[in-house]
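Text of the file protein16.csv, holding CSV, C-alpha atoms:
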```csv
chain,number,residue,atom,x,y,z
J,1,GLY,CA,10.1,-8.3,-20.0
J,2,ILE,CA,7.6,-6.5,-17.9
J,3,GLN,CA,7.9,-2.7,-18.0
J,4,VAL,CA,7.5,-0.6,-14.8
J,5,GLU,CA,7.0,3.1,-15.0
J,6,GLN,CA,7.0,5.4,-11.9
J,7,SER,CA,5.8,9.0,-11.8
J,8,PRO,CA,6.7,11.6,-11.0
J,9,PRO,CA,10.5,11.2,-11.2
J,10,ASP,CA,11.1,13.9,-8.7
J,11,LEU,CA,8.9,15.4,-6.0
J,12,ILE,CA,9.6,18.3,-3.7
J,13,LEU,CA,7.3,18.7,-0.7
J,14,GLN,CA,6.9,21.1,2.1
J,15,GLU,CA,6.7,19.3,5.5
J,16,GLY,CA,3.1,18.4,6.3
J,17,ALA,CA,2.0,18.1,2.7
J,18,ASN,CA,0.4,15.0,1.2
J,19,SER,CA,1.5,13.3,-2.0
J,20,THR,CA,0.7,10.4,-4.3
J,21,LEU,CA,3.3,8.3,-6.2
J,22,ARG,CA,2.2,6.2,-9.1
J,23,CYS,CA,3.5,2.9,-10.5
J,24,ASN,CA,2.3,1.6,-13.9
J,25,PHE,CA,3.2,-1.9,-15.1
J,26,SER,CA,2.7,-3.6,-18.5
J,27,ASP,CA,1.5,-7.1,-17.6
J,28,SER,CA,-0.1,-9.3,-15.0
J,29,VAL,CA,1.8,-9.6,-11.8
J,30,ASN,CA,1.7,-11.8,-8.7
J,31,ASN,CA,4.0,-9.6,-6.6
J,32,LEU,CA,4.2,-5.9,-6.2
J,33,GLN,CA,6.3,-4.2,-3.5
J,34,TRP,CA,7.0,-0.6,-2.5
J,35,PHE,CA,10.3,0.3,-1.0
J,36,HIS,CA,11.9,3.4,0.4
J,37,GLN,CA,15.7,3.7,-0.1
J,38,ASN,CA,17.1,5.9,2.6
J,39,PRO,CA,20.2,8.2,2.2
J,40,TRP,CA,22.5,5.3,3.3
J,41,GLY,CA,21.2,3.0,0.6
J,42,GLN,CA,19.1,0.6,2.6
J,43,LEU,CA,15.9,-0.5,1.0
J,44,ILE,CA,13.1,-0.6,3.5
J,45,ASN,CA,10.0,-2.6,2.8
J,46,LEU,CA,6.9,-0.4,2.8
J,47,PHE,CA,4.2,-2.7,1.4
J,48,TYR,CA,3.8,-6.1,-0.2
J,49,ILE,CA,0.6,-5.4,-2.2
J,50,PRO,CA,-0.1,-7.4,-5.4
J,51,SER,CA,-3.7,-6.2,-5.0
J,52,GLY,CA,-6.0,-4.3,-2.7
J,53,THR,CA,-5.3,-1.5,-0.2
J,54,LYS,CA,-3.1,-1.4,2.9
J,55,GLN,CA,-2.2,1.3,5.4
J,56,ASN,CA,0.7,1.7,7.7
J,57,GLY,CA,0.7,4.9,9.7
J,58,ARG,CA,1.0,7.8,7.4
J,59,LEU,CA,1.6,5.6,4.4
J,60,SER,CA,-1.0,3.7,2.4
J,61,ALA,CA,-1.0,1.9,-0.9
J,62,THR,CA,-3.5,0.7,-3.4
J,63,THR,CA,-3.0,-1.7,-6.2
J,64,VAL,CA,-5.6,-2.2,-9.0
J,65,ALA,CA,-4.2,-5.2,-10.6
J,66,THR,CA,-6.8,-5.4,-13.4
J,67,GLU,CA,-5.8,-1.9,-14.5
J,68,ARG,CA,-2.1,-2.5,-13.9
J,69,TYR,CA,-1.2,0.3,-11.5
J,70,SER,CA,-0.4,1.0,-7.9
J,71,LEU,CA,-0.5,4.2,-5.9
J,72,LEU,CA,1.5,5.1,-2.8
J,73,TYR,CA,0.1,7.8,-0.6
J,74,ILE,CA,2.2,9.8,1.9
J,75,SER,CA,0.3,12.0,4.3
J,76,SER,CA,1.6,14.7,6.5
J,77,SER,CA,5.1,14.3,5.1
J,78,GLN,CA,8.1,14.6,7.3
J,79,THR,CA,11.8,15.3,6.5
J,80,THR,CA,12.6,11.7,7.3
J,81,ASP,CA,10.3,10.7,4.4
J,82,SER,CA,13.0,12.0,2.0
J,83,GLY,CA,14.7,9.4,-0.3
J,84,VAL,CA,13.9,7.3,-3.3
J,85,TYR,CA,10.7,5.3,-3.5
J,86,PHE,CA,10.8,2.2,-5.7
J,87,CYS,CA,8.0,0.1,-7.0
J,88,ALA,CA,9.0,-3.5,-8.0
J,89,VAL,CA,6.8,-6.1,-9.6
J,90,ARG,CA,7.1,-9.7,-10.6
J,91,HIS,CA,5.3,-11.1,-13.7
J,92,GLU,CA,3.2,-14.2,-13.1
J,93,ARG,CA,5.6,-16.4,-15.1
J,94,ASP,CA,8.9,-14.8,-13.8
J,95,TYR,CA,11.2,-15.4,-10.9
J,96,LYS,CA,12.6,-11.9,-10.4
J,97,LEU,CA,11.4,-8.5,-9.4
J,98,SER,CA,11.5,-5.8,-12.0
J,99,PHE,CA,12.1,-2.3,-10.6
J,100,GLY,CA,10.9,1.0,-11.7
J,101,ALA,CA,13.3,4.0,-12.0
J,102,GLY,CA,12.1,5.4,-8.7
J,103,THR,CA,10.6,8.6,-7.4
J,104,THR,CA,13.0,10.9,-5.6
J,105,VAL,CA,11.1,12.7,-2.8
J,106,THR,CA,12.6,15.7,-1.0
J,107,VAL,CA,10.7,17.0,2.0
J,108,ARG,CA,11.7,20.5,3.1
J,109,ALA,CA,11.2,21.8,6.7
E,1,GLY,CA,9.8,-7.8,8.9
E,2,ALA,CA,12.6,-10.2,8.1
E,3,VAL,CA,16.2,-9.1,8.5
E,4,VAL,CA,19.0,-9.4,5.9
E,5,SER,CA,22.5,-8.4,6.8
E,6,GLN,CA,25.5,-7.7,4.6
E,7,HIS,CA,29.2,-7.5,5.3
E,8,PRO,CA,31.2,-5.5,4.8
E,9,SER,CA,29.3,-2.3,4.4
E,10,ARG,CA,32.1,-0.6,2.7
E,11,VAL,CA,35.3,-1.9,1.1
E,12,ILE,CA,38.2,-0.3,-0.8
E,13,CYS,CA,40.6,-2.5,-2.7
E,14,LYS,CA,43.4,-2.3,-5.2
E,15,SER,CA,42.9,-3.2,-8.8
E,16,GLY,CA,43.5,-6.9,-9.4
E,17,THR,CA,42.4,-8.2,-6.0
E,18,SER,CA,39.3,-10.2,-5.2
E,19,VAL,CA,36.7,-9.1,-2.8
E,20,LYS,CA,34.1,-11.3,-1.0
E,21,ILE,CA,30.7,-9.9,0.2
E,22,GLU,CA,28.6,-11.9,2.6
E,23,CYS,CA,24.8,-11.8,2.8
E,24,ARG,CA,22.9,-13.4,5.7
E,25,SER,CA,19.3,-13.9,6.5
E,26,LEU,CA,19.1,-13.5,10.2
E,27,ASP,CA,15.7,-14.7,11.2
E,28,PHE,CA,14.4,-16.8,8.3
E,29,GLN,CA,15.6,-19.4,5.9
E,30,ALA,CA,16.3,-17.9,2.5
E,31,THR,CA,15.4,-20.4,-0.2
E,32,THR,CA,16.3,-17.9,-2.8
E,33,MET,CA,18.8,-15.0,-2.7
E,34,PHE,CA,19.4,-12.3,-5.3
E,35,TRP,CA,22.3,-10.0,-6.0
E,36,TYR,CA,21.8,-6.5,-7.4
E,37,ARG,CA,24.0,-3.8,-8.5
E,38,GLN,CA,23.1,-0.1,-8.3
E,39,PHE,CA,24.8,2.8,-10.0
E,40,PRO,CA,24.5,6.4,-8.6
E,41,LYS,CA,21.0,7.8,-9.0
E,42,LYS,CA,19.9,4.7,-10.9
E,43,SER,CA,17.6,1.8,-10.2
E,44,LEU,CA,18.6,-1.7,-9.1
E,45,MET,CA,19.9,-4.1,-11.7
E,46,LEU,CA,19.6,-7.8,-11.0
E,47,MET,CA,22.9,-9.6,-11.4
E,48,ALA,CA,22.1,-13.2,-10.4
E,49,THR,CA,19.7,-15.4,-8.6
E,50,SER,CA,20.7,-18.3,-6.4
E,51,ASN,CA,18.9,-21.2,-4.7
E,52,GLU,CA,20.4,-23.0,-1.8
E,53,GLY,CA,22.6,-25.8,-3.0
E,54,SER,CA,22.3,-24.9,-6.7
E,55,LYS,CA,24.4,-23.0,-9.2
E,56,ALA,CA,23.4,-19.4,-9.6
E,57,THR,CA,21.5,-18.1,-12.6
E,58,TYR,CA,23.1,-15.0,-14.0
E,59,GLU,CA,21.4,-12.3,-15.9
E,60,GLN,CA,22.4,-11.5,-19.5
E,61,GLY,CA,25.6,-9.5,-19.7
E,62,VAL,CA,26.8,-10.5,-16.2
E,63,GLU,CA,30.1,-12.3,-16.3
E,64,LYS,CA,29.8,-15.5,-14.1
E,65,ASP,CA,33.6,-15.8,-13.9
E,66,LYS,CA,33.9,-12.3,-12.6
E,67,PHE,CA,31.1,-12.4,-10.1
E,68,LEU,CA,31.2,-15.7,-8.3
E,69,ILE,CA,28.1,-16.5,-6.2
E,70,ASN,CA,27.8,-19.2,-3.6
E,71,HIS,CA,24.6,-20.1,-1.7
E,72,ALA,CA,25.9,-22.8,0.6
E,73,SER,CA,23.3,-22.7,3.2
E,74,LEU,CA,19.8,-21.4,3.8
E,75,THR,CA,21.1,-18.4,5.6
E,76,LEU,CA,24.2,-17.4,3.7
E,77,SER,CA,25.1,-16.3,0.2
E,78,THR,CA,28.4,-14.8,-0.9
E,79,LEU,CA,29.4,-12.7,-3.9
E,80,THR,CA,33.1,-12.7,-4.8
E,81,VAL,CA,34.2,-10.0,-7.3
E,82,THR,CA,37.3,-11.6,-8.8
E,83,SER,CA,40.2,-9.5,-10.2
E,84,ALA,CA,38.4,-6.3,-9.4
E,85,HIS,CA,38.9,-3.3,-11.6
E,86,PRO,CA,37.7,0.3,-11.2
E,87,GLU,CA,34.7,-0.3,-13.4
E,88,ASP,CA,33.5,-2.8,-10.8
E,89,SER,CA,33.1,0.0,-8.3
E,90,SER,CA,29.5,0.1,-7.4
E,91,PHE,CA,26.9,-0.4,-4.7
E,92,TYR,CA,26.0,-4.1,-4.3
E,93,ILE,CA,22.8,-5.2,-2.6
E,94,CYS,CA,21.6,-8.6,-1.7
E,95,SER,CA,18.1,-9.7,-1.2
E,96,ALA,CA,16.4,-12.8,0.1
E,97,ARG,CA,13.1,-14.6,-0.1
E,98,GLY,CA,11.9,-17.4,2.1
E,99,LEU,CA,9.1,-20.0,2.1
E,100,THR,CA,7.7,-18.6,5.3
E,101,LEU,CA,7.5,-15.1,4.0
E,102,GLN,CA,4.9,-15.6,1.3
E,103,ASP,CA,6.4,-14.0,-1.7
E,104,GLU,CA,8.0,-10.9,-0.2
E,105,GLN,CA,11.6,-10.0,-0.8
E,106,PHE,CA,13.8,-8.4,1.8
E,107,PHE,CA,17.0,-6.4,1.2
E,108,GLY,CA,20.3,-6.1,2.9
E,109,PRO,CA,21.9,-2.7,3.6
E,110,GLY,CA,24.3,-2.9,0.7
E,111,THR,CA,28.0,-2.9,0.2
E,112,ARG,CA,29.9,0.0,-1.4
E,113,LEU,CA,32.9,-1.3,-3.3
E,114,THR,CA,35.6,1.1,-4.5
E,115,VAL,CA,38.4,-0.3,-6.6
E,116,LEU,CA,41.5,1.9,-6.9
```
Same coordinates, now as structure tokens:
Amino acid sequence: GIQVEQSPPDLILQEGANSTLRCNFSDSVNNLQWFHQNPWGQLINLFYIPSGTKQNGRLSATTVATERYSLLYISSSQTTDSGVYFCAVRHERDYKLSFGAGTTVTVRA
Amino acid sequence: GAVVSQHPSRVICKSGTSVKIECRSLDFQATTMFWYRQFPKKSLMLMATSNEGSKATYEQGVEKDKFLINHASLTLSTLTVTSAHPEDSSFYICSARGLTLQDEQFFGPGTRLTVL
């Protein structure tokens, strides 16, 4: 199956700092999503971005499908940004999302 | 975005009993629903995929007689953990995808199952 690698595994930030999370995948995809899992376990959809660039407030994402990676940018981080960020992809010939191991982000006040 | 609900959010049961978890798509028709399991500090593991009116497709290693899945309508899927044992304790999350939502998947808030 398709492999999904996220880096870094852990990230500690001071409030107000910017950061970049990376997602590498091993094959062609037709679906790529970024999620934020909050402390209560809810997965919140951040971006549906199989290619291109999108922005939503302080968050933005870029997927370069031809080079098989995606980046999630967090700017001016806030304590509420803390949690686990997951990247998930679906291979062109598959029916299911494959998840990366996640990046645990801790934002300190 | 689309909303997926799960009920109950938390359940504690005795070993040997069965537990049913409901997953509903509130504002869209879910042609496909997915059930995941998540262990502490781990990623999501897909258990099964169901399409409305069809039998569920289980991932390798998932016991279909232990985890019964029913997708009876376009807005409701249920997961029943039969004869639950302590090793079934986990966080169960459902997800749904609909024709009107392109290809995006939305997730429920999860159900924390504790088997004593």
Problem set entry | Radius query 7 Å about (41.8, -6.8, -12.4), atoms used: only C-alpha atoms, as JSON, numbers by chain | {"E": [15, 16, 17, 83, 84, 85]}
Problem set entry | Contact set, chain E to chain J: 10 Å, all atoms listed in the file, as number ranges by chain | E: 1-2, 32, 34, 38, 41-46, 48-49, 91-93, 95, 102-112
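Straight-line separation from atom CA of J:Asp10 to atom CA of J:Asp27: 24.7 Å.
Distance-wise, atom CA of J:Gln14 and atom CA of J:Val107 end up 5.6 Å apart.
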Exercise. Atom CA of J:Ala65 and atom CA of E:Trp35 are how many Å apart?
Worked result: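 Between atom CA of J:Ala65 and atom CA of E:Trp35 the gap works out to 27.3 Å.
The set of protein, DNA and RNA residues with any counted atom at most 8 Å from (26.6, -8.9, 2.6) (all atoms listed in the file) reads Ser5, Gln6, His7, Pro8, Ser9, Ile21, Glu22, Cys23, Arg24, Ser77, Thr78, Ile93, Cys94, Gly108, Pro109, Gly110 and Thr111 of chain E.
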Problem set entry | Nearest to E:Thr114 by atom-to-atom distance, counting all atoms listed in the file, from E:Met33, E:Leu68, E:Val81, E:Cys13 |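 Selected residue with least distance to E:Thr114: E:Cys13.
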For this session: For E:Ser89, list every protein, DNA or RNA residue within 6 Å, evaluated using only C-alpha atoms, and leave out those in the same chain fewer than 3 positions away; present the list as a ChimeraX atom specification.
Result: /E:86,113-115
For this session: Tell me which protein, DNA and RNA residues are within 9 Å of stretch 53-58 of chain E, counting all atoms listed in the file, leaving out same-chain ones fewer than 2 positions away, and put them as a ChimeraX atom specification.
Result: /E:46-51,60-64,68-74
Kindly complete stretch 28-43 of chain J to N, CA, C and O atoms; the output should be written as a short mmCIF file (atom, residue, chain, number, x, y, z; two decimals), in the coordinates of the input.
```
data_model
loop_
_atom_site.label_atom_id
_atom_site.label_comp_id
_atom_site.auth_asym_id
_atom_site.auth_seq_id
_atom_site.Cartn_x
_atom_site.Cartn_y
_atom_site.Cartn_z
N SER J 28 0.42 -8.73 -16.26
CA SER J 28 -0.10 -9.30 -15.00
C SER J 28 1.01 -9.61 -14.05
O SER J 28 2.05 -10.11 -14.44
N VAL J 29 0.77 -9.31 -12.79
CA VAL J 29 1.80 -9.60 -11.80
C VAL J 29 1.21 -10.34 -10.61
O VAL J 29 0.02 -10.30 -10.35
N ASN J 30 2.10 -11.07 -9.92
CA ASN J 30 1.70 -11.80 -8.70
C ASN J 30 2.45 -11.26 -7.49
O ASN J 30 2.33 -11.82 -6.40
N ASN J 31 3.26 -10.24 -7.70
CA ASN J 31 4.00 -9.60 -6.60
C ASN J 31 4.19 -8.16 -6.94
O ASN J 31 4.61 -7.82 -8.05
N LEU J 32 3.88 -7.29 -6.00
CA LEU J 32 4.20 -5.90 -6.20
C LEU J 32 4.63 -5.38 -4.79
O LEU J 32 3.96 -5.61 -3.79
N GLN J 33 5.78 -4.75 -4.76
CA GLN J 33 6.30 -4.20 -3.50
C GLN J 33 6.71 -2.77 -3.68
O GLN J 33 7.21 -2.38 -4.74
N TRP J 34 6.51 -1.99 -2.62
CA TRP J 34 7.00 -0.60 -2.50
C TRP J 34 8.12 -0.58 -1.52
O TRP J 34 8.03 -1.18 -0.44
N PHE J 35 9.18 0.15 -1.89
CA PHE J 35 10.30 0.30 -1.00
C PHE J 35 10.70 1.77 -0.89
O PHE J 35 10.46 2.57 -1.79
N HIS J 36 11.33 2.08 0.24
CA HIS J 36 11.90 3.40 0.40
C HIS J 36 13.42 3.17 0.61
O HIS J 36 13.84 2.40 1.49
N GLN J 37 14.22 3.80 -0.25
CA GLN J 37 15.70 3.70 -0.10
C GLN J 37 16.15 4.95 0.64
O GLN J 37 16.01 6.07 0.14
N ASN J 38 16.69 4.74 1.82
CA ASN J 38 17.10 5.90 2.60
C ASN J 38 18.47 6.42 2.13
O ASN J 38 19.09 5.83 1.24
N PRO J 39 18.92 7.55 2.66
CA PRO J 39 20.20 8.20 2.20
C PRO J 39 21.39 7.25 2.28
O PRO J 39 22.39 7.48 1.60
N TRP J 40 21.35 6.23 3.11
CA TRP J 40 22.50 5.30 3.30
C TRP J 40 22.38 4.12 2.34
O TRP J 40 23.23 3.24 2.36
N GLY J 41 21.32 4.06 1.56
CA GLY J 41 21.20 3.00 0.60
C GLY J 41 20.33 1.83 0.95
O GLY J 41 20.05 0.97 0.13
N GLN J 42 19.90 1.78 2.19
CA GLN J 42 19.10 0.60 2.60
C GLN J 42 17.69 0.71 2.04
O GLN J 42 17.04 1.75 2.12
N LEU J 43 17.25 -0.39 1.46
CA LEU J 43 15.90 -0.50 1.00
C LEU J 43 15.00 -1.01 2.11
O LEU J 43 15.24 -2.08 2.65
#
```
